[in-house]
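Notes follow the structure.
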Amino acid sequence: FPYTTLFRSMVVICIQYSNTIMKEREFMYILFSIFIIILLFFFVINHSRKKCIIRKICCMTLEEKCNLLNAIIEPMGFSYLADQDIFTSTRDAWQRKMGYQSLYNRGAVHFNMVFDYLPVYFDYNDKTWMIQLWKGQYGINTGGEIGVYYADHIVSQQQLDTTLFQAVDDSDMLKMSMELMRDGKCVFRLTCVHWWLTGFSMGLFSWPKQLSLNASITFPDCAMMNAFIEGLLKQSYCRCDLTICGLTLTFDMKPLCRHKNCLQKLAAWFSQWKNRMFCWLFLFATRPFCLSLDRLLYLYYFLPFAFRKTMYVRGYKRKYIRRCGCRRQ
């Protein structure tokens with residue numbers, strides 16, 4: 001009798017436990033089904049929204065798209081050039097107020113910017129000038145730059161690395177031309193009177209050594225051109241590397257050696273790994289389109305946070321100044 005009662009009790013316990021498990025499984029199945037339904041709902045809504053945005057962009061004219069994109073990115077200091085599908089800096093860009101210092105070059109790799117640079121210092125008209133050239137990878141952009149800066153006094157050789165140079169005034173801007181080549185193929189050509197001539201091709205990944213930059217600068221007089229040539233000669237140039245036509249000087253950029261130790265090389269490699277990955281993500285997410293214009297407008301409507309991240313071009317200087325405690329002198 002005791003064994004029979006114990007057996008029945010065990011059977012009852014097992015049945016109750018089985019019922020509990022079945023109820024839990026039914027509950028989990030219900031939750032899983034609800035989750036799948038929600039996912040399908042959002043997928044349908046998202047797909048429908050995506051198709052509407054694609055149709056909206058395709059129905060816009062090129063002029064409408066250019067005007068819209070330029071209005072969006074103007075506060076960032078850039079404009080879009082439809083004829084070459086690149087972005088360039090505006091004359092009144094906010095970066096003009098920040099000036100430039102050699103510290104920015106050393107800190108750029110921490111902001112996914114891996115480039116070669118060539119600073120040329122020279123004294124002219126009671127000021128120390130700095131004309132600097134860059135070429136390399138800026139996040140998901142392959143680009144090049146020529147910047148013209150000066151100090152309000154003559155700067156000694158020992159203070160060049162610590163001096164904050166100001167962007168030149170409108171009256172001191174120079175006519176500059178720039179041609180960026182990647183593996184022998186032209187990425188863009190630009191000519192403009194500017195203080196910071198730039199060009200960025202979005203979605204193109206490059207190592208700095210793949211790029212070559214040919215620059216032409218027209219000076220106001222021979223004294224300034226000769227002073228700049230002397231500065232170039234101090235940067236391992238020789239006169240046979242230069243082409244002079246009147247007051248216009250043309251030369252190919254010979255970058256300084258940027259990464260001297262293993263830690264710097266590792267940081268540059270890691271930044272480039274991220275840049276390559278983000279380039280692929282950008283192209284994959286915007287694969288319905290081919291032009292940067294359409295790709296960015298698609299991100300602007302469909303993924304606004306991704307659009308803001310994508311337009312993070314040379315915007316690191318303000319944060320880097322605050323971090324390092326640098327201020328305008």
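Labels for the structure tokens follow display order: chains A, B, ..., residues from 1 in each chain, ligands from 1.
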Check: Any idea what's packed within 8 Å of Arg91 (chain A), counting only C-alpha atoms, ignoring anything in its chain fewer than 2 positions away? Could you give it as JSON, numbers by chain?
Finding: {"A": [89, 93, 96, 194, 195, 196]}
Keeping only all heavy atoms, write those residues as a PDB file, in the first residue's frame.
```pdb
ATOM      1  N   SER A  89      35.757  71.996 -50.271  1.00  0.00           N
ATOM      2  CA  SER A  89      35.509  72.943 -49.189  1.00  0.00           C
ATOM      3  C   SER A  89      35.091  74.297 -49.740  1.00  0.00           C
ATOM      4  O   SER A  89      35.501  74.701 -50.838  1.00  0.00           O
ATOM      5  CB  SER A  89      36.766  73.095 -48.329  1.00  0.00           C
ATOM      6  OG  SER A  89      37.873  73.444 -49.140  1.00  0.00           O
ATOM      7  N   ALA A  93      34.064  78.228 -45.039  1.00  0.00           N
ATOM      8  CA  ALA A  93      33.894  77.057 -44.175  1.00  0.00           C
ATOM      9  C   ALA A  93      34.290  77.392 -42.742  1.00  0.00           C
ATOM     10  O   ALA A  93      35.185  78.217 -42.491  1.00  0.00           O
ATOM     11  CB  ALA A  93      34.746  75.901 -44.697  1.00  0.00           C
ATOM     12  N   ARG A  96      37.876  77.513 -41.368  1.00  0.00           N
ATOM     13  CA  ARG A  96      38.770  78.652 -41.602  1.00  0.00           C
ATOM     14  C   ARG A  96      39.117  79.369 -40.311  1.00  0.00           C
ATOM     15  O   ARG A  96      40.216  79.928 -40.162  1.00  0.00           O
ATOM     16  CB  ARG A  96      38.113  79.619 -42.586  1.00  0.00           C
ATOM     17  CG  ARG A  96      39.024  80.742 -43.061  1.00  0.00           C
ATOM     18  CD  ARG A  96      38.372  81.562 -44.147  1.00  0.00           C
ATOM     19  NE  ARG A  96      39.295  82.530 -44.712  1.00  0.00           N
ATOM     20  CZ  ARG A  96      39.011  83.340 -45.732  1.00  0.00           C
ATOM     21  NH1 ARG A  96      37.812  83.261 -46.305  1.00  0.00           N
ATOM     22  NH2 ARG A  96      39.902  84.195 -46.185  1.00  0.00           N
ATOM     23  N   HIS A 194      41.706  80.146 -53.627  1.00  0.00           N
ATOM     24  CA  HIS A 194      41.206  79.609 -52.362  1.00  0.00           C
ATOM     25  C   HIS A 194      42.272  79.734 -51.291  1.00  0.00           C
ATOM     26  O   HIS A 194      43.445  80.021 -51.567  1.00  0.00           O
ATOM     27  CB  HIS A 194      40.831  78.139 -52.545  1.00  0.00           C
ATOM     28  CG  HIS A 194      39.601  77.714 -51.815  1.00  0.00           C
ATOM     29  ND1 HIS A 194      39.495  77.712 -50.441  1.00  0.00           N
ATOM     30  CD2 HIS A 194      38.402  77.264 -52.284  1.00  0.00           C
ATOM     31  CE1 HIS A 194      38.303  77.277 -50.082  1.00  0.00           C
ATOM     32  NE2 HIS A 194      37.608  76.999 -51.196  1.00  0.00           N
ATOM     33  N   TRP A 195      41.834  79.505 -50.054  1.00  0.00           N
ATOM     34  CA  TRP A 195      42.781  79.375 -48.947  1.00  0.00           C
ATOM     35  C   TRP A 195      42.944  77.910 -48.546  1.00  0.00           C
ATOM     36  O   TRP A 195      43.927  77.543 -47.907  1.00  0.00           O
ATOM     37  CB  TRP A 195      42.284  80.160 -47.732  1.00  0.00           C
ATOM     38  CG  TRP A 195      40.996  79.612 -47.149  1.00  0.00           C
ATOM     39  CD1 TRP A 195      39.734  79.923 -47.534  1.00  0.00           C
ATOM     40  CD2 TRP A 195      40.873  78.654 -46.105  1.00  0.00           C
ATOM     41  NE1 TRP A 195      38.812  79.209 -46.805  1.00  0.00           N
ATOM     42  CE2 TRP A 195      39.491  78.418 -45.899  1.00  0.00           C
ATOM     43  CE3 TRP A 195      41.782  77.962 -45.306  1.00  0.00           C
ATOM     44  CZ2 TRP A 195      38.998  77.534 -44.947  1.00  0.00           C
ATOM     45  CZ3 TRP A 195      41.302  77.078 -44.352  1.00  0.00           C
ATOM     46  CH2 TRP A 195      39.928  76.873 -44.184  1.00  0.00           C
ATOM     47  N   TRP A 196      41.965  77.049 -48.943  1.00  0.00           N
ATOM     48  CA  TRP A 196      41.995  75.628 -48.597  1.00  0.00           C
ATOM     49  C   TRP A 196      41.305  74.854 -49.710  1.00  0.00           C
ATOM     50  O   TRP A 196      40.100  74.645 -49.684  1.00  0.00           O
ATOM     51  CB  TRP A 196      41.296  75.413 -47.248  1.00  0.00           C
ATOM     52  CG  TRP A 196      41.277  74.003 -46.752  1.00  0.00           C
ATOM     53  CD1 TRP A 196      42.270  73.073 -46.843  1.00  0.00           C
ATOM     54  CD2 TRP A 196      40.202  73.357 -46.071  1.00  0.00           C
ATOM     55  NE1 TRP A 196      41.894  71.899 -46.258  1.00  0.00           N
ATOM     56  CE2 TRP A 196      40.621  72.040 -45.772  1.00  0.00           C
ATOM     57  CE3 TRP A 196      38.938  73.758 -45.667  1.00  0.00           C
ATOM     58  CZ2 TRP A 196      39.813  71.129 -45.109  1.00  0.00           C
ATOM     59  CZ3 TRP A 196      38.138  72.844 -44.997  1.00  0.00           C
ATOM     60  CH2 TRP A 196      38.577  71.560 -44.716  1.00  0.00           C
TER      61      TRP A 196
END
```
Margin query: So that I can check the surroundings of region 128-143 of chain A, please list as a VMD selection string every protein, DNA and RNA residue that reaches within 8 Å of it, counting only C-alpha atoms and ignoring chain neighbours fewer than 3 positions away.
Written below: chain A and resid 111 to 124 146 to 155 165 180 198 to 208 211 to 213 253 272 275 to 276 278 to 279 310 312 to 314
Margin query: Please extract the residues of region 150-237 of chain A with a backbone DSSP assignment of strand (DSSP E or B) and present them as a ChimeraX atom specification.
Written below: /A:150,165-167,174-182,185-194,196-202,211-218
Checklist line | Which residue of A:Leu266, A:Leu197, A:Leu174, A:Leu232 approaches Thr248 (chain A) most closely, using only C-alpha atoms | finding: A:Leu174
Next item on the list: Tell me which of A:Ser292, A:Gln235, A:Thr218, A:Thr243 sits closest to Leu69 (chain A), counting only C-alpha atoms.
Entry: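 Nearest candidate to Leu69 (chain A) out of A:Ser292, A:Gln235, A:Thr218, A:Thr243: A:Ser292.
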Item checked: Separation of CA of Leu293 (chain A) from CA of Met176 (chain A), in Å and rounded to one decimal ->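 Computed distance, CA of Leu293 (chain A) to CA of Met176 (chain A), equals 25.4 Å.
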Next item on the list: Kindly give the distance, in Å, that separates CA of Asn214 (chain A) and CA of Ser171 (chain A), rounded to a single decimal.
Entry: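 A separation of 24.7 Å between them.
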With only C-alpha atoms as the counted atoms, please give the residues lying no more than 9 Å from Lys50 (chain A), apart from itself and same-chain residues fewer than 5 positions off, as a PDB file with N, CA and C atoms, in the first residue's frame.
```pdb
ATOM      1  N   ILE A  45       7.131  47.502 -43.534  1.00  0.00           N
ATOM      2  CA  ILE A  45       7.089  48.963 -43.444  1.00  0.00           C
ATOM      3  C   ILE A  45       8.404  49.562 -43.944  1.00  0.00           C
ATOM      4  N   ARG A  55      12.099  56.120 -55.090  1.00  0.00           N
ATOM      5  CA  ARG A  55      11.290  56.779 -56.126  1.00  0.00           C
ATOM      6  C   ARG A  55      11.375  58.292 -56.017  1.00  0.00           C
ATOM      7  N   TYR A 298      19.944  59.464 -50.195  1.00  0.00           N
ATOM      8  CA  TYR A 298      19.276  58.246 -49.732  1.00  0.00           C
ATOM      9  C   TYR A 298      19.517  58.040 -48.242  1.00  0.00           C
ATOM     10  N   PHE A 302      16.698  58.048 -45.391  1.00  0.00           N
ATOM     11  CA  PHE A 302      16.455  56.702 -44.861  1.00  0.00           C
ATOM     12  C   PHE A 302      17.179  56.446 -43.539  1.00  0.00           C
TER      13      PHE A 302
END
```
Notebook entry, point to check: Separation of CA of Gly184 (chain A) and CA of Gln84 (chain A), in Å?
Noted result: 17.0 Å
Next item on the list: Enumerate the residues of region 26-90 of chain A with a DSSP assignment of helix (DSSP H, G or I), computed from the backbone, and present them as JSON, numbers by chain.
Entry: {"A": [26, 27, 28, 29, 30, 31, 32, 33, 34, 35, 36, 37, 38, 39, 40, 41, 42, 43, 44, 45, 46, 47, 48, 49, 50, 51, 52, 53, 54, 55, 56, 57, 58, 59, 62, 63, 64, 65, 66, 67, 68, 69, 70, 71, 72, 73, 74, 75, 76]}
